[in-house]
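Visitor: For reference, the file my_file.cif (mmCIF, C-alpha atoms and all ligand atoms) is included below:
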data_data
loop_
_atom_site.label_atom_id
_atom_site.label_comp_id
_atom_site.auth_asym_id
_atom_site.auth_seq_id
_atom_site.Cartn_x
_atom_site.Cartn_y
_atom_site.Cartn_z
CA MET A 1 -5.61 4.74 26.85
CA TYR A 2 -8.03 6.64 24.62
CA ASP A 3 -10.34 4.28 22.71
CA ILE A 4 -10.20 5.59 19.15
CA ASP A 5 -12.93 3.14 18.07
CA ASN A 6 -15.47 5.19 20.03
CA THR A 7 -15.12 7.96 17.46
CA ARG A 8 -15.52 5.67 14.42
CA LEU A 9 -18.28 6.73 12.05
CA TYR A 10 -21.04 4.10 11.84
CA SER A 11 -20.69 2.02 8.69
CA PRO A 12 -23.74 0.45 7.04
CA PHE A 13 -21.39 -1.68 4.92
CA LEU A 14 -19.60 -3.65 7.63
CA ARG A 15 -21.30 -6.87 8.76
CA GLU A 16 -20.58 -9.14 11.72
CA GLU A 17 -18.00 -11.08 9.70
CA HIS A 18 -16.06 -7.86 9.03
CA HIS A 19 -16.11 -6.93 12.72
CA GLN A 20 -14.81 -10.38 13.63
CA TRP A 21 -12.09 -10.08 11.01
CA ARG A 22 -11.10 -6.71 12.49
CA GLU A 23 -10.75 -8.30 15.94
CA GLN A 24 -8.65 -11.11 14.48
CA MET A 25 -6.41 -8.64 12.64
CA ARG A 26 -6.09 -6.48 15.73
CA ARG A 27 -4.90 -9.45 17.79
CA PHE A 28 -2.43 -10.38 15.05
CA VAL A 29 -0.99 -6.84 14.91
CA GLU A 30 -0.86 -6.49 18.70
CA ARG A 31 0.87 -9.85 19.20
CA GLU A 32 3.08 -10.30 16.17
CA ILE A 33 3.87 -6.81 14.90
CA SER A 34 3.51 -3.89 17.33
CA PRO A 35 5.97 -5.21 19.98
CA HIS A 36 8.72 -5.52 17.36
CA ILE A 37 8.02 -2.90 14.73
CA ASN A 38 10.35 -0.18 16.08
CA GLN A 39 13.26 -2.59 16.07
CA TRP A 40 12.42 -3.91 12.58
CA ASP A 41 12.11 -0.38 11.24
CA GLU A 42 15.41 0.72 12.75
CA GLU A 43 17.11 -2.43 11.43
CA GLY A 44 15.62 -1.89 7.99
CA HIS A 45 13.93 -5.21 7.36
CA LEU A 46 11.08 -7.51 8.31
CA PRO A 47 11.81 -11.04 9.58
CA ALA A 48 11.29 -13.79 6.99
CA GLY A 49 8.98 -15.70 9.35
CA LEU A 50 6.42 -12.88 9.37
CA TRP A 51 4.97 -13.96 6.00
CA HIS A 52 4.34 -17.44 7.36
CA LYS A 53 2.56 -15.97 10.39
CA ALA A 54 0.47 -13.73 8.12
CA ALA A 55 -0.52 -16.80 6.10
CA GLN A 56 -1.50 -18.65 9.28
CA VAL A 57 -4.18 -16.02 10.02
CA GLY A 58 -5.38 -15.94 6.40
CA LEU A 59 -4.11 -12.42 5.71
CA LEU A 60 -1.95 -13.14 2.66
CA GLN A 61 -4.64 -15.30 1.06
CA LEU A 62 -7.56 -12.94 1.61
CA GLY A 63 -9.82 -12.66 -1.43
CA TYR A 64 -7.76 -14.87 -3.73
CA PRO A 65 -9.35 -17.87 -5.51
CA GLU A 66 -9.64 -20.86 -3.20
CA SER A 67 -8.36 -23.13 -5.97
CA TYR A 68 -4.93 -21.46 -5.52
CA GLY A 69 -5.01 -21.47 -1.74
CA GLY A 70 -6.97 -18.26 -1.23
CA VAL A 71 -9.54 -17.66 1.50
CA PRO A 72 -12.91 -15.95 1.00
CA GLY A 73 -13.09 -12.23 1.66
CA ASP A 74 -14.59 -9.17 -0.01
CA VAL A 75 -13.22 -5.68 -0.57
CA PHE A 76 -14.33 -4.60 2.92
CA HIS A 77 -12.24 -7.37 4.48
CA THR A 78 -9.20 -6.03 2.62
CA LEU A 79 -9.89 -2.46 3.78
CA VAL A 80 -10.27 -3.62 7.39
CA ALA A 81 -6.94 -5.48 7.11
CA ALA A 82 -5.16 -2.43 5.64
CA GLU A 83 -6.51 -0.19 8.40
CA GLU A 84 -5.59 -2.60 11.17
CA LEU A 85 -2.05 -3.11 9.82
CA ALA A 86 -1.70 0.68 9.86
CA ARG A 87 -2.18 0.69 13.65
CA CYS A 88 1.46 -0.29 14.10
CA GLY A 89 2.24 3.14 12.64
CA ALA A 90 4.92 1.95 10.20
CA GLY A 91 3.95 2.13 6.54
CA GLY A 92 6.82 -0.11 5.49
CA LEU A 93 5.04 -3.02 7.13
CA TYR A 94 1.97 -2.87 4.88
CA ALA A 95 4.03 -1.95 1.80
CA SER A 96 6.31 -4.97 2.10
CA LEU A 97 4.19 -7.64 3.77
CA MET A 98 1.30 -7.05 1.38
CA VAL A 99 3.28 -6.20 -1.76
CA HIS A 100 1.87 -9.28 -3.49
CA GLY A 101 -1.43 -7.34 -3.39
CA ILE A 102 -0.14 -5.24 -6.31
CA ALA A 103 2.07 -7.86 -8.00
CA LEU A 104 -0.22 -10.90 -8.00
CA PRO A 105 -3.60 -9.63 -9.33
CA PRO A 106 -2.38 -9.19 -12.95
CA LEU A 107 -1.24 -12.81 -12.86
CA VAL A 108 -4.48 -14.04 -11.29
CA HIS A 109 -6.65 -12.14 -13.77
CA TYR A 110 -4.61 -12.38 -16.98
CA GLY A 111 -1.94 -15.10 -16.50
CA SER A 112 -1.98 -18.61 -17.95
CA GLU A 113 -3.14 -21.53 -15.82
CA ALA A 114 0.42 -22.90 -15.73
CA LEU A 115 1.86 -19.63 -14.42
CA ARG A 116 -0.90 -19.15 -11.87
CA SER A 117 -0.60 -22.62 -10.39
CA ALA A 118 3.20 -22.34 -10.18
CA VAL A 119 3.33 -18.91 -8.56
CA VAL A 120 0.12 -18.04 -6.69
CA PRO A 121 0.00 -20.88 -4.08
CA PRO A 122 3.57 -20.49 -2.71
CA VAL A 123 3.15 -16.70 -2.53
CA LEU A 124 -0.12 -17.05 -0.62
CA ARG A 125 1.53 -19.52 1.76
CA GLY A 126 4.19 -16.89 2.47
CA GLU A 127 6.96 -19.13 1.14
CA ARG A 128 7.83 -17.17 -1.99
CA HIS A 129 7.67 -13.48 -2.88
CA ILE A 130 6.61 -11.42 -5.84
CA SER A 131 7.01 -7.71 -6.60
CA LEU A 132 5.59 -5.32 -9.17
CA ALA A 133 8.24 -3.72 -11.37
CA VAL A 134 6.83 -0.88 -13.46
CA THR A 135 8.74 2.29 -12.51
CA GLU A 136 12.03 3.12 -14.27
CA PRO A 137 14.56 5.89 -13.72
CA GLY A 138 13.10 7.67 -16.77
CA ALA A 139 9.43 6.73 -16.33
CA GLY A 140 7.44 6.99 -13.10
CA SER A 141 4.14 8.81 -13.45
CA ASP A 142 4.47 8.53 -17.21
CA VAL A 143 4.04 4.75 -17.32
CA ALA A 144 3.42 4.78 -21.07
CA ASN A 145 7.03 5.87 -21.54
CA ILE A 146 8.76 2.80 -20.08
CA GLN A 147 11.86 1.70 -22.01
CA CYS A 148 12.84 -1.68 -20.49
CA ARG A 149 12.81 -3.76 -23.67
CA ALA A 150 11.81 -7.39 -24.26
CA ARG A 151 13.05 -8.55 -27.64
CA SER A 152 11.35 -11.58 -29.16
CA SER A 153 13.75 -14.49 -29.82
CA GLY A 154 12.12 -17.82 -30.71
CA ASP A 155 10.31 -19.22 -27.70
CA HIS A 156 11.91 -16.59 -25.43
CA TYR A 157 12.02 -12.87 -24.79
CA VAL A 158 15.36 -11.25 -24.09
CA VAL A 159 14.94 -8.44 -21.56
CA THR A 160 17.28 -5.49 -21.07
CA GLY A 161 16.61 -2.44 -18.95
CA GLU A 162 16.28 -1.08 -15.43
CA LYS A 163 13.51 -0.75 -12.88
CA THR A 164 13.69 1.35 -9.76
CA PHE A 165 11.91 2.02 -6.44
CA ILE A 166 10.63 -1.58 -6.44
CA THR A 167 9.04 -2.54 -3.12
CA GLY A 168 10.13 -5.95 -1.91
CA GLY A 169 12.65 -6.01 -4.75
CA MET A 170 15.51 -7.50 -2.74
CA ARG A 171 13.38 -10.36 -1.44
CA ALA A 172 11.29 -11.11 -4.55
CA ASP A 173 11.43 -14.48 -6.33
CA TRP A 174 9.52 -13.07 -9.29
CA PHE A 175 8.86 -9.66 -10.81
CA THR A 176 5.60 -8.82 -12.54
CA THR A 177 7.40 -6.56 -14.98
CA ALA A 178 6.21 -3.97 -17.47
CA VAL A 179 8.34 -4.29 -20.61
CA ARG A 180 8.32 -2.72 -24.03
CA THR A 181 7.59 -5.26 -26.74
CA GLY A 182 6.28 -2.90 -29.39
CA GLU A 183 5.91 0.69 -30.51
CA GLU A 184 6.38 3.72 -28.25
CA GLY A 185 3.45 4.62 -26.00
CA PHE A 186 0.97 2.48 -24.07
CA GLY A 187 0.17 0.24 -27.05
CA GLY A 188 3.65 -1.34 -27.00
CA ILE A 189 3.77 -2.48 -23.37
CA SER A 190 3.51 -6.08 -22.15
CA LEU A 191 3.60 -7.70 -18.72
CA LEU A 192 6.17 -10.42 -18.21
CA LEU A 193 6.81 -12.59 -15.18
CA ILE A 194 10.60 -12.52 -14.70
CA PRO A 195 12.18 -14.96 -12.22
CA ALA A 196 14.65 -13.12 -9.98
CA ALA A 197 17.02 -16.08 -10.24
CA ALA A 198 17.31 -15.81 -14.05
CA ALA A 199 20.79 -15.17 -15.42
CA GLY A 200 21.37 -11.46 -16.01
CA VAL A 201 19.14 -10.17 -13.17
CA GLU A 202 20.86 -8.00 -10.58
CA ARG A 203 19.48 -5.88 -7.80
CA GLN A 204 20.63 -3.11 -5.56
CA ALA A 205 19.04 -2.06 -2.28
CA LEU A 206 17.84 1.55 -1.97
CA ASP A 207 18.09 1.83 1.78
CA ARG A 208 18.46 5.54 2.36
CA LYS A 209 14.81 6.54 2.55
CA GLN A 210 12.81 9.15 4.46
CA GLY A 211 10.46 6.44 5.75
CA TRP A 212 9.27 2.88 5.12
CA TRP A 213 12.60 1.70 6.59
CA CYS A 214 11.44 -1.86 7.28
CA SER A 215 10.31 -2.22 3.66
CA ASP A 216 13.02 -3.16 1.22
CA THR A 217 13.16 -1.01 -1.90
CA ALA A 218 15.41 -1.88 -4.83
CA SER A 219 16.63 -1.07 -8.28
CA ILE A 220 16.52 -4.10 -10.60
CA PHE A 221 18.82 -4.48 -13.59
CA PHE A 222 18.06 -6.80 -16.51
CA ASP A 223 20.96 -7.57 -18.83
CA GLU A 224 19.95 -9.80 -21.76
CA VAL A 225 17.71 -11.87 -19.48
CA LYS A 226 16.12 -14.87 -21.26
CA VAL A 227 12.48 -15.25 -20.22
CA PRO A 228 10.20 -17.97 -21.67
CA ARG A 229 7.40 -16.66 -23.88
CA ASN A 230 5.02 -18.60 -21.67
CA ASN A 231 5.77 -16.08 -18.91
CA LEU A 232 3.79 -13.44 -20.77
CA ILE A 233 0.87 -12.19 -18.64
CA GLY A 234 -2.05 -11.41 -20.93
CA GLU A 235 -1.58 -10.34 -24.56
CA GLU A 236 1.65 -9.14 -26.12
CA ASN A 237 1.44 -5.32 -26.31
CA GLY A 238 -1.68 -5.52 -24.14
CA GLY A 239 0.02 -4.89 -20.81
CA PHE A 240 -1.23 -1.38 -20.18
CA LEU A 241 -4.80 -2.46 -19.37
CA PRO A 242 -3.80 -4.93 -16.61
CA ILE A 243 -1.52 -2.24 -15.13
CA VAL A 244 -4.32 0.33 -15.08
CA HIS A 245 -6.84 -2.26 -13.86
CA ASN A 246 -4.48 -3.01 -10.97
CA PHE A 247 -4.53 0.60 -9.77
CA ASN A 248 -8.08 0.48 -8.34
CA GLY A 249 -7.21 -2.12 -5.71
CA GLU A 250 -3.89 -0.45 -4.90
CA ARG A 251 -5.51 2.97 -4.44
CA LEU A 252 -8.32 1.63 -2.26
CA GLY A 253 -5.70 -0.11 -0.08
CA ILE A 254 -3.57 3.02 0.23
CA ALA A 255 -6.65 5.08 1.12
CA ALA A 256 -7.62 2.59 3.86
CA SER A 257 -4.08 2.68 5.27
CA CYS A 258 -4.13 6.48 5.29
CA VAL A 259 -7.37 6.43 7.29
CA GLY A 260 -5.61 4.06 9.70
CA TYR A 261 -2.52 6.28 10.05
CA SER A 262 -4.77 9.31 10.57
CA ARG A 263 -6.57 7.55 13.42
CA VAL A 264 -3.23 6.66 15.02
CA CYS A 265 -2.22 10.34 14.93
CA LEU A 266 -5.55 11.39 16.44
CA GLN A 267 -5.28 8.79 19.21
CA GLU A 268 -1.68 9.64 20.13
CA ALA A 269 -2.35 13.37 20.15
CA ILE A 270 -5.47 13.01 22.32
CA GLU A 271 -3.62 10.80 24.81
CA TRP A 272 -0.79 13.32 24.98
CA ALA A 273 -3.17 16.26 25.40
CA GLN A 274 -5.02 14.48 28.21
CA ALA A 275 -1.80 13.90 30.15
CA ARG A 276 0.12 17.11 29.42
CA LYS A 277 -0.52 20.27 31.45
CA THR A 278 0.20 23.82 30.24
CA PHE A 279 -0.86 27.10 31.83
CA GLY A 280 -2.47 25.28 34.74
CA LYS A 281 -4.75 22.92 32.85
CA ARG A 282 -4.71 19.89 30.58
CA LEU A 283 -3.68 20.63 27.01
CA ALA A 284 -6.95 18.96 26.01
CA ASP A 285 -8.86 21.65 27.90
CA HIS A 286 -7.58 24.44 25.68
CA GLN A 287 -10.23 25.13 23.05
CA VAL A 288 -7.69 25.68 20.27
CA ILE A 289 -6.32 22.19 20.87
CA ARG A 290 -9.76 20.54 21.07
CA HIS A 291 -10.66 22.11 17.75
CA LYS A 292 -7.65 20.42 16.21
CA PHE A 293 -9.10 17.06 17.25
CA ALA A 294 -12.48 17.97 15.81
CA GLY A 295 -10.81 18.97 12.54
CA MET A 296 -8.96 15.66 12.35
CA GLN A 297 -12.09 13.68 13.15
CA GLN A 298 -14.06 15.60 10.52
CA ARG A 299 -11.57 14.70 7.78
CA ILE A 300 -11.25 11.08 8.93
CA ASN A 301 -15.04 10.68 8.82
CA ALA A 302 -15.26 12.19 5.35
CA THR A 303 -12.48 9.95 4.05
CA GLN A 304 -13.92 6.81 5.64
CA ALA A 305 -17.35 7.51 4.10
CA TYR A 306 -15.84 8.24 0.67
CA LEU A 307 -13.68 5.10 0.92
CA GLU A 308 -16.59 2.85 1.80
CA LEU A 309 -18.76 4.23 -1.01
CA CYS A 310 -15.93 3.57 -3.48
CA ALA A 311 -15.51 0.05 -2.07
CA CYS A 312 -19.23 -0.56 -2.51
CA ALA A 313 -19.02 0.73 -6.10
CA GLU A 314 -16.05 -1.57 -6.73
CA GLN A 315 -18.05 -4.54 -5.44
CA GLN A 316 -20.85 -3.67 -7.86
CA GLY A 317 -18.49 -3.08 -10.80
CA GLN A 318 -19.36 0.64 -10.79
CA LEU A 319 -16.16 2.25 -9.49
CA LYS A 320 -15.10 5.19 -11.67
CA VAL A 321 -11.40 5.85 -12.15
CA SER A 322 -11.98 9.53 -11.37
CA ASP A 323 -13.66 8.69 -8.06
CA VAL A 324 -10.95 6.33 -6.81
CA SER A 325 -8.27 8.77 -7.99
CA LEU A 326 -9.73 11.62 -5.96
CA LEU A 327 -10.32 9.26 -3.04
CA LYS A 328 -6.59 8.60 -2.86
CA VAL A 329 -5.90 12.34 -2.94
CA GLN A 330 -8.48 12.90 -0.19
CA ALA A 331 -6.90 10.14 1.91
CA THR A 332 -3.31 11.35 1.61
CA GLU A 333 -4.35 14.93 2.36
CA THR A 334 -6.22 13.69 5.43
CA MET A 335 -3.13 11.79 6.56
CA GLU A 336 -0.97 14.85 5.95
CA PHE A 337 -3.34 17.08 7.94
CA CYS A 338 -3.64 14.64 10.84
CA ALA A 339 0.13 14.02 11.02
CA ARG A 340 0.75 17.77 11.07
CA GLU A 341 -1.85 18.53 13.72
CA ALA A 342 -0.81 15.60 15.94
CA MET A 343 2.87 16.62 15.78
CA GLN A 344 1.88 20.19 16.65
CA VAL A 345 -0.15 19.05 19.68
CA MET A 346 2.72 16.88 20.90
CA GLY A 347 5.20 19.73 20.65
CA GLY A 348 8.89 18.89 21.05
CA ALA A 349 8.07 15.37 22.23
CA GLY A 350 6.40 14.66 18.88
CA TYR A 351 9.56 15.65 17.05
CA MET A 352 11.59 12.98 18.84
CA ARG A 353 11.91 9.50 17.36
CA GLY A 354 9.83 6.88 19.14
CA SER A 355 6.22 7.92 18.63
CA ARG A 356 4.12 6.49 15.83
CA THR A 357 3.15 10.03 14.86
CA GLU A 358 6.76 11.03 14.19
CA ARG A 359 7.16 8.13 11.76
CA ILE A 360 3.79 8.67 10.12
CA TYR A 361 4.74 12.32 9.56
CA ARG A 362 7.86 11.14 7.69
CA GLU A 363 5.81 8.72 5.61
CA VAL A 364 3.18 11.13 4.32
CA ARG A 365 4.93 11.90 1.05
CA VAL A 366 5.51 8.33 -0.09
CA ASN A 367 1.76 7.78 0.11
CA ALA A 368 1.09 11.03 -1.74
CA ILE A 369 3.55 10.10 -4.53
CA GLY A 370 3.45 6.29 -4.90
CA GLY A 371 0.55 4.52 -6.61
CA GLY A 372 -0.28 7.70 -8.54
CA SER A 373 0.76 11.11 -7.26
CA GLU A 374 -1.71 13.77 -6.19
CA GLU A 375 -1.00 15.87 -9.31
CA ILE A 376 -1.39 12.94 -11.68
CA LEU A 377 -4.59 11.71 -10.03
CA ARG A 378 -6.20 15.15 -10.01
CA ASP A 379 -5.28 15.54 -13.66
CA LEU A 380 -6.73 12.12 -14.48
CA ALA A 381 -9.96 12.95 -12.66
CA SER A 382 -10.27 16.39 -14.21
CA ARG A 383 -9.82 14.98 -17.71
CA GLN A 384 -12.68 12.56 -17.05
CA MET A 385 -14.96 15.37 -15.91
CA GLY A 386 -15.44 16.45 -19.53
CA ILE A 387 -14.59 20.08 -18.78
C1 LIG A 401 9.27 3.89 -1.41
C2 LIG A 401 8.72 3.72 -2.80
C3 LIG A 401 8.22 2.47 -3.17
C4 LIG A 401 7.76 2.28 -4.50
N1 LIG A 401 7.37 1.02 -4.88
C5 LIG A 401 7.12 0.78 -6.20
C6 LIG A 401 6.89 -0.56 -6.68
O1 LIG A 401 6.81 -1.52 -5.90
N2 LIG A 401 6.75 -0.75 -8.01
C7 LIG A 401 6.80 0.27 -8.92
O2 LIG A 401 6.67 0.02 -10.10
N3 LIG A 401 6.99 1.55 -8.49
C8 LIG A 401 7.16 1.83 -7.18
N4 LIG A 401 7.38 3.12 -6.73
C9 LIG A 401 7.42 4.19 -7.71
C10 LIG A 401 6.25 5.18 -7.63
O3 LIG A 401 5.09 4.60 -8.14
C11 LIG A 401 6.70 6.44 -8.39
O4 LIG A 401 7.63 7.11 -7.55
C12 LIG A 401 5.55 7.35 -8.75
O5 LIG A 401 4.78 6.77 -9.76
C13 LIG A 401 6.05 8.73 -9.25
O6 LIG A 401 7.03 8.57 -10.23
P1 LIG A 401 8.43 9.38 -10.13
O7 LIG A 401 8.95 9.17 -8.76
O8 LIG A 401 9.25 8.96 -11.27
O9 LIG A 401 8.04 10.89 -10.25
P2 LIG A 401 7.80 11.72 -11.59
O10 LIG A 401 6.87 10.99 -12.48
O11 LIG A 401 9.10 12.15 -12.15
O12 LIG A 401 7.06 13.00 -11.00
C14 LIG A 401 7.73 13.95 -10.17
C15 LIG A 401 6.73 14.98 -9.71
O13 LIG A 401 6.18 15.65 -10.82
C16 LIG A 401 4.78 15.53 -10.85
N5 LIG A 401 4.35 15.37 -12.24
C17 LIG A 401 4.80 14.45 -13.14
N6 LIG A 401 4.15 14.61 -14.31
C18 LIG A 401 3.30 15.64 -14.14
C19 LIG A 401 2.31 16.27 -14.96
N7 LIG A 401 2.06 15.84 -16.22
N8 LIG A 401 1.61 17.30 -14.46
C20 LIG A 401 1.82 17.74 -13.19
N9 LIG A 401 2.71 17.16 -12.35
C21 LIG A 401 3.42 16.13 -12.82
C22 LIG A 401 4.46 14.31 -10.01
O14 LIG A 401 3.19 14.39 -9.45
C23 LIG A 401 5.54 14.38 -8.95
O15 LIG A 401 5.12 15.26 -7.94
C24 LIG A 401 7.77 3.36 -5.41
C25 LIG A 401 8.20 4.63 -5.00
C26 LIG A 401 8.68 4.81 -3.71
C27 LIG A 401 9.18 6.17 -3.33
#
Represent the structure contained in this file as structure tokens.
Guide:
Amino acid sequence: MYDIDNTRLYSPFLREEHHQWREQMRRFVEREISPHINQWDEEGHLPAGLWHKAAQVGLLQLGYPESYGGVPGDVFHTLVAAEELARCGAGGLYASLMVHGIALPPLVHYGSEALRSAVVPPVLRGERHISLAVTEPGAGSDVANIQCRARSSGDHYVVTGEKTFITGGMRADWFTTAVRTGEEGFGGISLLLIPAAAAGVERQALDRKQGWWCSDTASIFFDEVKVPRNNLIGEENGGFLPIVHNFNGERLGIAASCVGYSRVCLQEAIEWAQARKTFGKRLADHQVIRHKFAGMQQRINATQAYLELCACAEQQGQLKVSDVSLLKVQATETMEFCAREAMQVMGGAGYMRGSRTERIYREVRVNAIGGGSEEILRDLASRQMGI
């Protein structure tokens, strides 16, 4: 087996504790995930007990306040975890198992004490689930245009509308939901914690997807759903800021996963090229093929370095939206390049279901679209360049 860690660019940011965490995560993935992931992906779901196992190793709780059951960890611990989870080569695993990573932070940072203590501990223990519900059939990239309405009615809001493409939506106990409480545009959006069990909530699985098969994706329908006013997260009509604030962590996590998927592609392609013979020699001995590996490594190194600098900036409160936006673009393009090159090296065998590369190839686009598409992120960055 080719040891992909030998090609890892030296990182001045990772300390002994991060290396130990990587080893712990690697053991967790090798024991609890990799042997089963093909079956889970084909069956279209993850087993309920996996969240409990992830809590036992401290994965779900990483970086959350200890007062709510969190365990200490910095941004580099979260990047290491994302990269190690990617080694199973199924993006649906990270998307679903770690979906609280995008749904919980608004609550932790902006929610009331009562809401936090009711929701955060059971989610971190892996007993309950929470999803982020922003996207609507008529508003994806254009978040400011959401139409799901929350009408004020005494000590309640009454919510009517539809959300779609919601990761973990079939399993969720709560939705951190973007709703319209005021005028059109970003100034009229609020965040509301909606219990999935509330009367008037319905959901429908979206299970015909190109990839992420083991991750459940759902449309959520709200029909005159009564939600206590106390479930407001942050200020009324002040929901846009927490949503935008949330993007930094999500984009760093996606970038780290993409580096992980790229390394998987590189490893599988090298192993194949070392074993396969064409025209009397190993595929790996053809210069054209070796150059493909160098090209993949070059892009992985560049993305890793960019990612770690952004993580360092985040730690110091200096991360610019334009930088993390372009980082995500860099990472998805690297994944796309590596998936393409690895498939090409593996020839017909790479096209057949069963390799991690084949699945990663199918899952390029969801990374390039979700969490801010390449077009939207480039536009955001270019507008901040003051051109
Ligand atoms: C599997 C999956 C899981 C998801 N999970 C979640 C989730 O948990 N929660 C959630 O809220 N959302 C989720 N999403 C939604 C995701 O964030 C959106 O798909 C994404 O924001 C893009 O929105 P859209 O699909 O409506 O595309 P659109 O916004 O309609 O865009 C379509 C295309 O047009 C481009 N485009 C749009 N506007 C412009 C412009 N001004 N200039 C140039 N190009 C433009 C886009 O880049 C894109 O390529 C998920 C999506 C998928 C596929």
Visitor: Could you please determine the separation between CA of Pro121 (chain A) and CA of Leu104 (chain A) in Å, to one decimal place?
Guide: 10.7 Å
Visitor: Would you give the centre and edge lengths, in Å to one decimal, of a box along x, y and z around the listed atoms of ligand LIG 401 (chain A), with 8 Å added to each side, as lines of an AutoDock Vina configuration file?
Guide:
center_x = 5.4
center_y = 8.1
center_z = -8.8
size_x = 23.7
size_y = 35.3
size_z = 30.8
Visitor: So, counting all atoms listed in the file, which residue among A:Val159, A:Ile130, A:Ala114, A:Ala55 is closest to ligand LIG 401 (chain A)?
Guide: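 Residue with the minimum atom-to-atom distance to ligand LIG 401 (chain A): A:Ile130.
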Visitor: Go through the chains and note each residue within 7 Å of ligand LIG 401 (chain A), using only C-alpha atoms and all ligand atoms, then give the set as a list in words.
Guide: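 The residues within 7 Å of ligand LIG 401 (chain A), counting only C-alpha atoms and all ligand atoms, are Ser131, Leu132, Ala133, Val134, Thr135, Pro137, Gly138, Ala139, Gly140, Ser141, Asp142, Thr164, Phe165, Ile166, Thr167, Gly168, Trp212, Thr217, Val366, Ile369, Gly370, Gly371, Gly372, Ser373, Glu374, Glu375 and Ile376 of chain A.
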Visitor: Write out as a PyMOL selection string each polymer residue whose atoms come within 7 Å of region 196-209 of chain A, counting only C-alpha atoms; drop sequence neighbours fewer than 5 positions from it.
Guide: chain A and resi 170+172-175+217-225
Visitor: Using all atoms listed in the file, can you tell me which of A:Phe28, A:Tyr361, A:Trp21, A:Trp213 comes closest to Val80 (chain A)?
Guide: A:Trp21
Visitor: Near region 67-77 of chain A, within 6 Å and counting all atoms listed in the file, which residues show up once chain neighbours fewer than 4 positions away are dropped, as an mmCIF file with C-alpha atoms, in the frame of the given file?
Guide:
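See selection05.cif below for the written result:
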data_model
loop_
_atom_site.group_PDB
_atom_site.id
_atom_site.type_symbol
_atom_site.label_atom_id
_atom_site.label_comp_id
_atom_site.auth_asym_id
_atom_site.auth_seq_id
_atom_site.Cartn_x
_atom_site.Cartn_y
_atom_site.Cartn_z
ATOM 1 C CA HIS A 18 -16.060 -7.860 9.030
ATOM 2 C CA GLN A 61 -4.640 -15.300 1.060
ATOM 3 C CA LEU A 62 -7.560 -12.940 1.610
ATOM 4 C CA GLY A 63 -9.820 -12.660 -1.430
ATOM 5 C CA PRO A 121 0.000 -20.880 -4.080
#
Visitor: Can you pull out every residue within 12 Å of Gln267 (chain A), counting only C-alpha atoms, but drop anything in the same chain fewer than 5 positions away, and send it as a compact mmCIF listing (two decimals) with C-alpha atoms, in the coordinates of the input?
Guide:
# COMPACT_ATOMS: atom_id res chain seq x y z
CA MET A 1 -5.61 4.74 26.85
CA TYR A 2 -8.03 6.64 24.62
CA ASP A 3 -10.34 4.28 22.71
CA ILE A 4 -10.20 5.59 19.15
CA ASP A 5 -12.93 3.14 18.07
CA ASN A 6 -15.47 5.19 20.03
CA THR A 7 -15.12 7.96 17.46
CA ARG A 8 -15.52 5.67 14.42
CA ARG A 87 -2.18 0.69 13.65
CA GLY A 89 2.24 3.14 12.64
CA GLY A 260 -5.61 4.06 9.70
CA TYR A 261 -2.52 6.28 10.05
CA SER A 262 -4.77 9.31 10.57
CA TRP A 272 -0.79 13.32 24.98
CA ALA A 273 -3.17 16.26 25.40
CA GLN A 274 -5.02 14.48 28.21
CA PHE A 293 -9.10 17.06 17.25
CA MET A 296 -8.96 15.66 12.35
CA GLN A 297 -12.09 13.68 13.15
CA CYS A 338 -3.64 14.64 10.84
CA ALA A 339 0.13 14.02 11.02
CA GLU A 341 -1.85 18.53 13.72
CA ALA A 342 -0.81 15.60 15.94
CA MET A 343 2.87 16.62 15.78
CA VAL A 345 -0.15 19.05 19.68
CA MET A 346 2.72 16.88 20.90
CA SER A 355 6.22 7.92 18.63
CA ARG A 356 4.12 6.49 15.83
CA THR A 357 3.15 10.03 14.86
Visitor: Let me make sure I understand: among A:Leu309, A:Ala144, A:Ile360, A:Leu380, which one has the smallest atom-to-atom distance to Arg263 (chain A) if we use all atoms listed in the file?
Guide: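 Of the candidates, the smallest distance to Arg263 (chain A) is held by A:Ile360.
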Visitor: Could you work out how far CA of Gln384 (chain A) lies from CA of Cys310 (chain A), giving the answer in Å with one decimal?
Guide: 16.6 Å
Visitor: Out of A:Gly111, A:Pro105, A:Gly211, A:Gly169, which residue has the shortest atom-to-atom distance to Ala90 (chain A) when counting all atoms listed in the file?
Guide: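 Among the listed residues, A:Gly211 lies closest to Ala90 (chain A).
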Visitor: Report as number ranges by chain all protein, DNA and RNA residues lying within 10 Å of Gln330 (chain A), evaluated on only C-alpha atoms, omitting residues in the same chain fewer than 5 positions from it.
Guide: A: 255, 258-259, 299-300, 302-303, 306-307, 324-325, 335-336, 368, 374
Visitor: Name the closest residue to Asn38 (chain A) among the candidates A:Leu93, A:Cys312, A:Gly249, A:Gln344; distances are taken between atoms, counting only C-alpha atoms.
Guide: A:Leu93
Visitor: Using all atoms listed in the file, which of the listed residues (A:Ser382, A:Gln318, A:Gln298, A:Asn237) sits closest to Leu191 (chain A)?
Guide: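 Closest residue, counting all atoms listed in the file: A:Asn237.
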Visitor: How many Å lie between CA of Glu308 (chain A) and CA of Leu327 (chain A), rounded to one decimal?
Guide: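 CA of Leu327 (chain A) lies at a distance of 10.2 Å from CA of Glu308 (chain A).
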Visitor: Need the shell around Trp51 (chain A): protein/DNA/RNA residues with any atom at most 8 Å away, counting all atoms listed in the file. Skip same-chain ones fewer than 6 positions apart. Format as a PyMOL selection string?
Guide: chain A and resi 60+97+125-127
